[in-house]
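J.: This structure is in structure tokens; I'll ask about it shortly.
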Amino acid sequence: MAEHAGRRCCLGWDFSTQQVKVVAVDAELNVFYEDSVHFDRDLQEFGTQGGVHVHEDGLTVTSPVLMWVQALDIILEKMKASGFDFSQVLALSGAGQQHGSVYWKAGASQVLASLSPDLLLHEQLQPSRTLLRVPPSGISSWDVMPPGDAGKACFSISDCPVWMDSSTTAQCHQLEATVGGAQALSCLTGSRAYERFTGNQIAKLYQQNPEAYSHTERISLVSSFAASLFLGSHSPIDYSDGSGMNLLRIQDKVWSQACLGACAPHLEEKLGLPVPSCSVVGAISSYFVQRYGFPPGCKVVAFTGDNPASLAGMRLEEGDIAVSLGTSDTLFLWLQEPTPTLEGHIFCNPVDPQHYMALLCFKNGSLMREKIRDELASSSWSEFSKALQSTEIGNCGNLGFYFDVMEITPEIIGRHRFSAENHEVSAFPWDVEIRALIEGQFMAKKIHAEGLGYRVMPKTKILATGGASHNRDILQVLADVFGTPVYVIDTANSACVGSAYRAFHGLAAGTDVPFSEVVKLAPNPRLAAAPTPGASQVYEALLQRYAMLEQRILTQTRGPPE
Ligand SMILES: O=C(CO)[C@@H](O)[C@H](O)CF
């Protein structure tokens with residue numbers, strides 16, 4: 001218990017798809033406390049799978065908002081029972097799964113502002129039922145209160161749409177038509193219309209449940225919803241997570257009136273004004289001071305999306321790229337001048353309000369690497385590595401495209417192989433095939449990153465994370481294709497840790513201290529691979545051929561570009 005006593009710190013929260021997680025980070029940026037509540041395991045009464053409910057239509061995906069509230073209650077009670085010294089918390093911030101939306105019912109702000117410290121949050125935010133009183137001294141006994149003060153319903157709908165939902169295609173088409181097409185919407189908001197993006201979800205709610213919409217006083221993202229719980233009032237949406245709604249003009253950081261109007265009436269007043277992601281949105285509410293012992297001056301820094309928070313946790317800097325090599329591969333880019341396209345997503349940068357970040361998702365990531373490993377390298381990563389070691393950089397001009405499921409970036413499916421003379425061939429020798437897979441995956445990443453406006457800079461570094469980042473030979477190809485050093489970093493808690501870093505940055509608010517200065521004491525990533533001399537020249541020519549052949553496949557499969 002003494003371990004957590006007297007250690008001034010910031011808290012970082014992550015309200016993700018499957019759990020609520022918290023870390024405590026001290027002034028030297030060491031993580032000294034972490035805990036989590038897993039929805040499926042610890043809140044089984046809600047019956048989620050992977051933290052969500054997939055509806056019968058197979059398209060609608062929601063999560064119960066009260067599950068998120070109850071998870072926060074559990075974590076805070078566990079921290080309290082463990083002797084965590086809340087009085088040392090200087091500030092807190094957090095992250096939420098992007099695009100999800102919470103609909104606060106008229107009157108919710110009064111409930112938020114008058115929470116009783118004798119009760120748990122979820123007992124006061126849920127519809128009226130018998131309440132449990134847990135004295136501030138902690139959970140010594142669950143005394144059942146007389147029916148008396150029943151909680152008031154605070155939410156217009158109890159099941160919130162989340163990022164896995166894909167039921168709003170009609171609303172996406174309506175939105176794009178309103179603003180002049182997919183590319184016009186992308187230039188305006190950073191992305192073409194996506195089913196999971198919040199504006200389209202709001203449009204669906206308004207069209208299918210107008211009564212719930214009319215009873216809604218405030219619409220939050222998961223991030224700003226979580227911040228509201230700590231604030232005791234509605235927290236504003238931050239620029240970075242707000243960029244995932246198809247509603248925010250990413251250049252001038254204001255709501256697009258055209259997009260708002262296309263989705264639902266009176267929407268701006270339900271959203272409130274967006275704020276810079278580094279904003280201090282207020283002090284923690286008295287509920288947390290009285291029940292848990294937070295200091296009254298504990299600052300709440302705007303919460304943001306999980307991916308922007310991860311960018312902060314990885315301490316990405318201008319020109320850097322983070323490559324998450326997981327089931328699907330995700331690229332995090334830091335951009336100064338974005339070029340919005342029909343691929344990927346441009347968000348306002350969470351730690352530098354003048355800049356941007358981008359996300360690019362490649363669905364055929366580890367899925368393909370493991371399949372080729374099983375087919376050609378006896379399911380052995382060491383055999384897989386031997387193939388990379390025994391084949392030369394540039395693979396003698398052989399190029400491959402490997403998409404066993406429909407790829408997102410770009411929309412291609414199937415396996416396509418080309419000789420040095422650009423003739424399509426049906427097979428490669430096993431070792432050539434392995435190198436063609438890895439070189440092709442990384443050349444695609446470089447080409448599509450540059451399509452979004454990314455440029456490798458002299459100080460650029462690549463931060464690799466995820467399962468495949470444990471294979472040094474794969475990272476060597478990544479370093480060679482990009483011509484930049486590759487570092488590895490543990491990102492298990494990147495959204496939480498990034499949120500704690502952002503809380504520290506919020507403490508310096510108004511002093512113009514850059515985020516990089518605030519986090520300079522954080523552990524540095526480890527160098528894993530440096531580019532091979534001469535590799536850049538080989539890939540400079542190969543990249544041009546790869547881009548040309550990718551266009552050839554696209555034309556063959558979907559006709560000439562519009
Ligand atoms: O939809 C996504 C990003 O656009 C996902 O990464 C969610 O943020 C995961 F929670």
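In the structure tokens, chains take the letters A, B, ... in the order shown, each chain's residues start at 1, and ligands count up from 1 in the order shown.
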Fewer than 6 positions away in the same chain doesn't count, so skip those; otherwise give me all residues within 7 Å of range 175-181 of chain A, counting only C-alpha atoms, as a PyMOL selection string.

T.: chain A and resi 193+258-259+262

J.: Any chance you could tabulate, as JSON lines, the residues of chain A at most 6 Å from ligand 1 with each one's nearest atom pair and distance in Å to one decimal, using only C-alpha atoms and all ligand atoms, in chain and rising number order?

T.:
```
{"residue": "A:Ser16", "atom": "CA", "partner": "ligand 1", "partner_atom_place_in_ligand_line": "10 (F)", "distance": 5.8}
{"residue": "A:Thr17", "atom": "CA", "partner": "ligand 1", "partner_atom_place_in_ligand_line": "10 (F)", "distance": 5.6}
{"residue": "A:Gln97", "atom": "CA", "partner": "ligand 1", "partner_atom_place_in_ligand_line": "10 (F)", "distance": 3.5}
{"residue": "A:Gln98", "atom": "CA", "partner": "ligand 1", "partner_atom_place_in_ligand_line": "8 (O)", "distance": 3.8}
{"residue": "A:Trp163", "atom": "CA", "partner": "ligand 1", "partner_atom_place_in_ligand_line": "1 (O)", "distance": 5.0}
{"residue": "A:Asp306", "atom": "CA", "partner": "ligand 1", "partner_atom_place_in_ligand_line": "8 (O)", "distance": 5.6}
{"residue": "A:Asn307", "atom": "CA", "partner": "ligand 1", "partner_atom_place_in_ligand_line": "8 (O)", "distance": 5.9}
```

J.: Considering only C-alpha atoms, state which residue in the set A:Pro274, A:Gly94, A:Gly6, A:Gly232 is at the smallest distance from Ala113 in chain A.

T.: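 Among the listed residues, A:Gly232 lies closest to Ala113 in chain A.
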
J.: Can you list, as a PyMOL selection string, all residues belonging to range 85-276 of chain A that DSSP tags as strand (DSSP E or B)?

T.: chain A and resi 89-96+101-105+132-133+143-144+155+159-161+216-221+238+248-249+254-255+275

J.: Would you pick out the contacts of Leu360 in chain A at 6 Å or less, using only C-alpha atoms, so that residues sharing its chain but fewer than 4 positions from it are not included, and give the list as a list in words?

T.: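 Counting only the stated atoms, we get Thr330, Leu331 and Gly344 of chain A.
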
J.: Just to be explicit: take each residue in the selection above, keep N, CA and C atoms, and write the result as a PDB file, in the first residue's frame.

T.:
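Below you can see again_17.pdb, which holds the result:
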```
ATOM      1  N   THR A 330      -1.538  -1.285 -39.246  1.00  0.00           N
ATOM      2  CA  THR A 330      -2.003   0.104 -39.172  1.00  0.00           C
ATOM      3  C   THR A 330      -0.813   1.037 -39.157  1.00  0.00           C
ATOM      4  N   LEU A 331      -0.889   2.066 -39.984  1.00  0.00           N
ATOM      5  CA  LEU A 331       0.164   3.068 -40.046  1.00  0.00           C
ATOM      6  C   LEU A 331      -0.329   4.336 -39.354  1.00  0.00           C
ATOM      7  N   GLY A 344      -7.749   5.923 -46.175  1.00  0.00           N
ATOM      8  CA  GLY A 344      -7.196   6.364 -44.897  1.00  0.00           C
ATOM      9  C   GLY A 344      -7.975   7.519 -44.295  1.00  0.00           C
TER      10      GLY A 344
END
```

J.: Find the residues around Val486 in chain A up to 10 Å (only C-alpha atoms counted), leave out those fewer than 6 positions away in its own chain, and share them as a VMD selection string.

T.: chain A and resid 321 to 323 460 to 464 469 472 475 to 480 525 to 531

J.: Pull the closest atom pair for each residue of range 438-491 of chain A that gets at most 12 Å from range 367-387 of chain A, along with the distance in Å to one decimal, counting only C-alpha atoms, ordering rows by chain and then ascending residue number, as a Markdown table.

T.:
```
| residue | atom | partner | partner_atom | distance |
| --- | --- | --- | --- | --- |
| A:Ile438 | CA | A:Arg369 | CA | 7.8 |
| A:Glu439 | CA | A:Arg369 | CA | 11.6 |
| A:Gly440 | CA | A:Arg369 | CA | 11.4 |
| A:Gln441 | CA | A:Arg369 | CA | 9.6 |
| A:Gly467 | CA | A:Arg369 | CA | 10.8 |
| A:Ala468 | CA | A:Arg369 | CA | 8.7 |
| A:His470 | CA | A:Trp381 | CA | 10.3 |
| A:Asn471 | CA | A:Ser385 | CA | 7.8 |
| A:Arg472 | CA | A:Ser385 | CA | 8.4 |
| A:Asp473 | CA | A:Ser385 | CA | 5.9 |
| A:Ile474 | CA | A:Ser385 | CA | 7.5 |
| A:Leu475 | CA | A:Ser385 | CA | 10.7 |
| A:Gln476 | CA | A:Ser385 | CA | 10.5 |
| A:Val477 | CA | A:Ser385 | CA | 10.9 |
```

J.: Can you list, as a PyMOL selection string, all residues belonging to range 25-87 of chain A that DSSP tags as alpha helix (DSSP H)?

T.: chain A and resi 39-42+65-81

J.: Which residue is closest to Thr304 in chain A? Choose from A:Val254, A:Ala495, A:Leu125, A:Leu342 and count only C-alpha atoms.

T.: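 With only C-alpha atoms as the atom set, the closest residue is A:Ala495.
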
J.: What's the separation between CA of Thr60 in chain A and CA of Leu229 in chain A, in Å to one decimal place?

T.: 26.1 Å

J.: Mind pulling up the distance from CA of Ile74 in chain A to CA of Gly100 in chain A?

T.: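 These two atoms are separated by 21.9 Å.
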
J.: Can you tell me, as a list in words, what residues are no more than 9 Å from Gly313 in chain A when counting only C-alpha atoms, ignoring any on the same chain fewer than 3 positions away?

T.: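 Selected residues are Pro308, Ala309, Ser310, Leu316, Thr491, Asn493, Ser494, Ala495, Cys496, Val497, Gly498, Ser499, Ala500, Tyr501 and Arg502 of chain A.
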
J.: Since we have the selection now, will you write its residues out, keeping all heavy atoms, as a compact mmCIF listing (two decimals), in the first residue's frame?

T.:
```txt
# COMPACT_ATOMS: atom_id res chain seq x y z
N PRO A 308 -5.29 8.61 -31.60
CA PRO A 308 -4.51 9.82 -31.29
C PRO A 308 -3.76 9.70 -29.96
O PRO A 308 -2.61 10.13 -29.86
CB PRO A 308 -5.58 10.91 -31.25
CG PRO A 308 -6.68 10.40 -32.13
CD PRO A 308 -6.68 8.92 -31.95
N ALA A 309 -4.41 9.10 -28.96
CA ALA A 309 -3.73 8.95 -27.66
C ALA A 309 -2.52 8.02 -27.80
O ALA A 309 -1.48 8.23 -27.17
CB ALA A 309 -4.71 8.40 -26.62
N SER A 310 -2.65 6.99 -28.66
CA SER A 310 -1.51 6.09 -28.88
C SER A 310 -0.36 6.81 -29.55
O SER A 310 0.81 6.58 -29.24
CB SER A 310 -1.95 4.89 -29.73
OG SER A 310 -2.75 4.02 -28.97
N LEU A 316 5.33 9.99 -31.01
CA LEU A 316 5.63 10.23 -32.42
C LEU A 316 5.96 11.71 -32.60
O LEU A 316 5.34 12.56 -31.97
CB LEU A 316 4.41 9.86 -33.26
CG LEU A 316 4.66 9.06 -34.54
CD1 LEU A 316 5.34 7.74 -34.22
CD2 LEU A 316 3.36 8.80 -35.28
N THR A 491 3.85 -0.98 -26.94
CA THR A 491 2.68 -0.09 -26.97
C THR A 491 1.48 -0.72 -26.28
O THR A 491 0.35 -0.36 -26.56
CB THR A 491 2.28 0.20 -28.44
OG1 THR A 491 2.06 -1.07 -29.06
CG2 THR A 491 3.36 0.97 -29.16
N ASN A 493 0.19 -0.36 -23.47
CA ASN A 493 -0.68 0.63 -22.82
C ASN A 493 -0.59 1.99 -23.50
O ASN A 493 -0.78 3.02 -22.86
CB ASN A 493 -0.24 0.80 -21.34
CG ASN A 493 -0.58 -0.41 -20.51
OD1 ASN A 493 -1.50 -1.15 -20.85
ND2 ASN A 493 0.17 -0.66 -19.46
N SER A 494 -0.28 2.00 -24.80
CA SER A 494 0.07 3.28 -25.42
C SER A 494 -1.04 4.33 -25.30
O SER A 494 -0.76 5.50 -25.07
CB SER A 494 0.43 3.09 -26.89
OG SER A 494 -0.67 2.56 -27.59
N ALA A 495 -2.32 3.92 -25.39
CA ALA A 495 -3.39 4.92 -25.30
C ALA A 495 -3.49 5.47 -23.88
O ALA A 495 -3.63 6.68 -23.67
CB ALA A 495 -4.72 4.31 -25.72
N CYS A 496 -3.35 4.60 -22.88
CA CYS A 496 -3.38 5.05 -21.48
C CYS A 496 -2.19 5.94 -21.18
O CYS A 496 -2.32 7.04 -20.63
CB CYS A 496 -3.29 3.84 -20.57
SG CYS A 496 -4.85 3.10 -20.16
N VAL A 497 -0.99 5.43 -21.54
CA VAL A 497 0.24 6.18 -21.22
C VAL A 497 0.23 7.51 -21.97
O VAL A 497 0.57 8.56 -21.41
CB VAL A 497 1.49 5.34 -21.58
CG1 VAL A 497 2.76 6.17 -21.46
CG2 VAL A 497 1.56 4.12 -20.67
N GLY A 498 -0.22 7.47 -23.22
CA GLY A 498 -0.33 8.71 -23.98
C GLY A 498 -1.27 9.69 -23.32
O GLY A 498 -1.04 10.91 -23.35
N SER A 499 -2.32 9.17 -22.70
CA SER A 499 -3.28 10.05 -22.02
C SER A 499 -2.66 10.67 -20.78
O SER A 499 -2.87 11.85 -20.49
CB SER A 499 -4.54 9.25 -21.65
OG SER A 499 -5.17 8.79 -22.83
N ALA A 500 -1.84 9.87 -20.05
CA ALA A 500 -1.16 10.44 -18.88
C ALA A 500 -0.15 11.50 -19.32
O ALA A 500 -0.05 12.58 -18.72
CB ALA A 500 -0.47 9.32 -18.11
N TYR A 501 0.57 11.22 -20.43
CA TYR A 501 1.50 12.23 -20.96
C TYR A 501 0.75 13.51 -21.31
O TYR A 501 1.19 14.62 -21.05
CB TYR A 501 2.20 11.70 -22.21
CG TYR A 501 3.20 10.58 -22.02
CD1 TYR A 501 3.68 9.88 -23.12
CD2 TYR A 501 3.67 10.22 -20.76
CE1 TYR A 501 4.61 8.85 -22.97
CE2 TYR A 501 4.59 9.18 -20.60
CZ TYR A 501 5.05 8.51 -21.71
OH TYR A 501 5.95 7.48 -21.56
N ARG A 502 -0.42 13.35 -21.92
CA ARG A 502 -1.21 14.52 -22.33
C ARG A 502 -1.72 15.27 -21.11
O ARG A 502 -1.87 16.49 -21.12
CB ARG A 502 -2.36 14.10 -23.24
CG ARG A 502 -1.90 13.59 -24.61
CD ARG A 502 -3.07 13.12 -25.47
NE ARG A 502 -4.03 14.19 -25.64
CZ ARG A 502 -5.23 14.20 -25.08
NH1 ARG A 502 -5.62 13.22 -24.30
NH2 ARG A 502 -6.04 15.21 -25.26
```

J.: Tell me, as a PDB file with N, CA, C and O atoms, in the first residue's frame, which residues lie within 9 Å of range 202-217 of chain A, counting only C-alpha atoms; anything in the same chain fewer than 4 positions away does not count.

T.:
```pdb
ATOM      1  N   SER A 101     -20.648   6.816 -29.962  1.00  0.00           N
ATOM      2  CA  SER A 101     -21.373   8.017 -29.525  1.00  0.00           C
ATOM      3  C   SER A 101     -22.315   7.707 -28.374  1.00  0.00           C
ATOM      4  O   SER A 101     -22.897   6.624 -28.300  1.00  0.00           O
ATOM      5  N   TYR A 103     -25.564   9.397 -25.948  1.00  0.00           N
ATOM      6  CA  TYR A 103     -26.671  10.339 -26.095  1.00  0.00           C
ATOM      7  C   TYR A 103     -27.243  10.656 -24.709  1.00  0.00           C
ATOM      8  O   TYR A 103     -27.954   9.849 -24.124  1.00  0.00           O
ATOM      9  N   TRP A 104     -26.860  11.829 -24.175  1.00  0.00           N
ATOM     10  CA  TRP A 104     -27.285  12.245 -22.829  1.00  0.00           C
ATOM     11  C   TRP A 104     -28.711  12.792 -22.892  1.00  0.00           C
ATOM     12  O   TRP A 104     -28.984  13.711 -23.686  1.00  0.00           O
ATOM     13  N   LYS A 105     -29.584  12.312 -22.031  1.00  0.00           N
ATOM     14  CA  LYS A 105     -30.983  12.736 -22.021  1.00  0.00           C
ATOM     15  C   LYS A 105     -31.114  14.099 -21.347  1.00  0.00           C
ATOM     16  O   LYS A 105     -30.302  14.479 -20.504  1.00  0.00           O
ATOM     17  N   ALA A 106     -32.137  14.830 -21.744  1.00  0.00           N
ATOM     18  CA  ALA A 106     -32.412  16.144 -21.130  1.00  0.00           C
ATOM     19  C   ALA A 106     -32.442  15.994 -19.610  1.00  0.00           C
ATOM     20  O   ALA A 106     -33.084  15.094 -19.067  1.00  0.00           O
ATOM     21  N   GLY A 107     -31.695  16.843 -18.933  1.00  0.00           N
ATOM     22  CA  GLY A 107     -31.638  16.798 -17.478  1.00  0.00           C
ATOM     23  C   GLY A 107     -30.398  16.102 -16.956  1.00  0.00           C
ATOM     24  O   GLY A 107     -30.056  16.174 -15.773  1.00  0.00           O
ATOM     25  N   ALA A 108     -29.637  15.444 -17.850  1.00  0.00           N
ATOM     26  CA  ALA A 108     -28.453  14.687 -17.408  1.00  0.00           C
ATOM     27  C   ALA A 108     -27.417  15.606 -16.784  1.00  0.00           C
ATOM     28  O   ALA A 108     -26.738  15.237 -15.826  1.00  0.00           O
ATOM     29  N   SER A 109     -27.302  16.831 -17.300  1.00  0.00           N
ATOM     30  CA  SER A 109     -26.257  17.724 -16.768  1.00  0.00           C
ATOM     31  C   SER A 109     -26.526  18.036 -15.300  1.00  0.00           C
ATOM     32  O   SER A 109     -25.582  18.134 -14.504  1.00  0.00           O
ATOM     33  N   PHE A 155     -29.652   8.747 -20.067  1.00  0.00           N
ATOM     34  CA  PHE A 155     -29.287   8.494 -21.463  1.00  0.00           C
ATOM     35  C   PHE A 155     -30.533   8.246 -22.311  1.00  0.00           C
ATOM     36  O   PHE A 155     -31.423   7.504 -21.934  1.00  0.00           O
ATOM     37  N   SER A 156     -30.581   8.873 -23.486  1.00  0.00           N
ATOM     38  CA  SER A 156     -31.727   8.705 -24.392  1.00  0.00           C
ATOM     39  C   SER A 156     -31.781   7.294 -24.955  1.00  0.00           C
ATOM     40  O   SER A 156     -32.849   6.764 -25.219  1.00  0.00           O
ATOM     41  N   ILE A 157     -30.591   6.713 -25.181  1.00  0.00           N
ATOM     42  CA  ILE A 157     -30.532   5.305 -25.592  1.00  0.00           C
ATOM     43  C   ILE A 157     -29.463   4.650 -24.719  1.00  0.00           C
ATOM     44  O   ILE A 157     -28.464   5.295 -24.377  1.00  0.00           O
ATOM     45  N   SER A 167     -23.837  -0.150 -40.251  1.00  0.00           N
ATOM     46  CA  SER A 167     -25.258  -0.156 -40.653  1.00  0.00           C
ATOM     47  C   SER A 167     -25.703   1.162 -41.282  1.00  0.00           C
ATOM     48  O   SER A 167     -26.892   1.363 -41.515  1.00  0.00           O
ATOM     49  N   THR A 168     -24.753   2.060 -41.570  1.00  0.00           N
ATOM     50  CA  THR A 168     -25.166   3.411 -41.990  1.00  0.00           C
ATOM     51  C   THR A 168     -24.729   3.738 -43.420  1.00  0.00           C
ATOM     52  O   THR A 168     -24.427   4.900 -43.735  1.00  0.00           O
ATOM     53  N   ALA A 170     -26.491   3.964 -46.109  1.00  0.00           N
ATOM     54  CA  ALA A 170     -27.422   4.930 -46.732  1.00  0.00           C
ATOM     55  C   ALA A 170     -27.103   6.341 -46.264  1.00  0.00           C
ATOM     56  O   ALA A 170     -27.070   7.292 -47.069  1.00  0.00           O
ATOM     57  N   GLN A 171     -26.834   6.476 -44.987  1.00  0.00           N
ATOM     58  CA  GLN A 171     -26.517   7.800 -44.442  1.00  0.00           C
ATOM     59  C   GLN A 171     -25.183   8.317 -45.008  1.00  0.00           C
ATOM     60  O   GLN A 171     -25.024   9.504 -45.275  1.00  0.00           O
ATOM     61  N   THR A 198     -19.145   9.125 -36.748  1.00  0.00           N
ATOM     62  CA  THR A 198     -20.249   9.480 -35.853  1.00  0.00           C
ATOM     63  C   THR A 198     -21.372  10.264 -36.523  1.00  0.00           C
ATOM     64  O   THR A 198     -22.549  10.073 -36.188  1.00  0.00           O
ATOM     65  N   ALA A 262     -26.779  17.942 -42.977  1.00  0.00           N
ATOM     66  CA  ALA A 262     -27.096  16.703 -43.709  1.00  0.00           C
ATOM     67  C   ALA A 262     -27.422  15.564 -42.760  1.00  0.00           C
ATOM     68  O   ALA A 262     -28.079  14.593 -43.146  1.00  0.00           O
ATOM     69  N   CYS A 263     -26.963  15.681 -41.506  1.00  0.00           N
ATOM     70  CA  CYS A 263     -27.136  14.549 -40.570  1.00  0.00           C
ATOM     71  C   CYS A 263     -28.382  14.674 -39.719  1.00  0.00           C
ATOM     72  O   CYS A 263     -29.164  13.724 -39.608  1.00  0.00           O
ATOM     73  N   ALA A 264     -28.558  15.847 -39.074  1.00  0.00           N
ATOM     74  CA  ALA A 264     -29.719  15.971 -38.170  1.00  0.00           C
ATOM     75  C   ALA A 264     -29.898  17.439 -37.800  1.00  0.00           C
ATOM     76  O   ALA A 264     -28.934  18.202 -37.811  1.00  0.00           O
ATOM     77  N   PRO A 265     -31.129  17.831 -37.436  1.00  0.00           N
ATOM     78  CA  PRO A 265     -31.378  19.235 -37.077  1.00  0.00           C
ATOM     79  C   PRO A 265     -30.837  19.562 -35.677  1.00  0.00           C
ATOM     80  O   PRO A 265     -30.680  18.668 -34.832  1.00  0.00           O
ATOM     81  N   LEU A 267     -28.098  20.048 -34.504  1.00  0.00           N
ATOM     82  CA  LEU A 267     -27.008  19.157 -34.072  1.00  0.00           C
ATOM     83  C   LEU A 267     -25.890  19.919 -33.377  1.00  0.00           C
ATOM     84  O   LEU A 267     -25.297  19.458 -32.414  1.00  0.00           O
ATOM     85  N   GLU A 269     -25.926  22.427 -31.397  1.00  0.00           N
ATOM     86  CA  GLU A 269     -26.148  22.705 -29.963  1.00  0.00           C
ATOM     87  C   GLU A 269     -26.023  21.416 -29.133  1.00  0.00           C
ATOM     88  O   GLU A 269     -25.670  21.456 -27.964  1.00  0.00           O
ATOM     89  N   LYS A 270     -26.252  20.280 -29.782  1.00  0.00           N
ATOM     90  CA  LYS A 270     -26.115  19.005 -29.037  1.00  0.00           C
ATOM     91  C   LYS A 270     -24.651  18.572 -28.946  1.00  0.00           C
ATOM     92  O   LYS A 270     -24.291  17.758 -28.103  1.00  0.00           O
ATOM     93  N   LEU A 271     -23.819  19.098 -29.837  1.00  0.00           N
ATOM     94  CA  LEU A 271     -22.407  18.707 -29.820  1.00  0.00           C
ATOM     95  C   LEU A 271     -21.560  19.650 -28.974  1.00  0.00           C
ATOM     96  O   LEU A 271     -20.529  19.262 -28.428  1.00  0.00           O
TER      97      LEU A 271
END
```

J.: Of the candidates A:Tyr33, A:Tyr539, A:Phe442, A:Tyr287, which one gets nearest to Leu119 in chain A if we count only C-alpha atoms?

T.: A:Tyr287

J.: Using only C-alpha atoms, which of the listed residues (A:Gly282, A:Gly483, A:Gly47, A:Gly190) sits closest to Ser233 in chain A?

T.: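 Closest to Ser233 in chain A of all the choices is A:Gly282.
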
J.: Write out as a ChimeraX atom specification the residues lying within 9 Å of Leu273 in chain A, counting only C-alpha atoms and excluding same-chain residues fewer than 6 positions away.

T.: /A:236-238,254-255

J.: Could you write out the selected residues, including C-alpha atoms, as an mmCIF file, in the first residue's frame?

T.:
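Dumped everything to again-v4.cif:
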```cif
data_model
loop_
_atom_site.group_PDB
_atom_site.id
_atom_site.type_symbol
_atom_site.label_atom_id
_atom_site.label_comp_id
_atom_site.auth_asym_id
_atom_site.auth_seq_id
_atom_site.Cartn_x
_atom_site.Cartn_y
_atom_site.Cartn_z
ATOM 1 C CA PRO A 236 -16.399 19.272 -25.114
ATOM 2 C CA ILE A 237 -15.251 17.106 -27.997
ATOM 3 C CA ASP A 238 -11.567 17.579 -28.851
ATOM 4 C CA VAL A 254 -15.100 24.151 -36.733
ATOM 5 C CA TRP A 255 -18.182 22.040 -37.376
#
```

J.: Here is a test: counting only C-alpha atoms, which residue of A:Gln290, A:Gln19, A:Ser324, A:Ser158 is nearest to Thr465 in chain A?

T.: A:Ser324

J.: Looking at A:Glu268, A:Arg315, A:His38, A:Leu359, which one is nearest to Phe332 in chain A, with distances taken over only C-alpha atoms?

T.: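 The answer is A:Leu359, which sits nearest to Phe332 in chain A.
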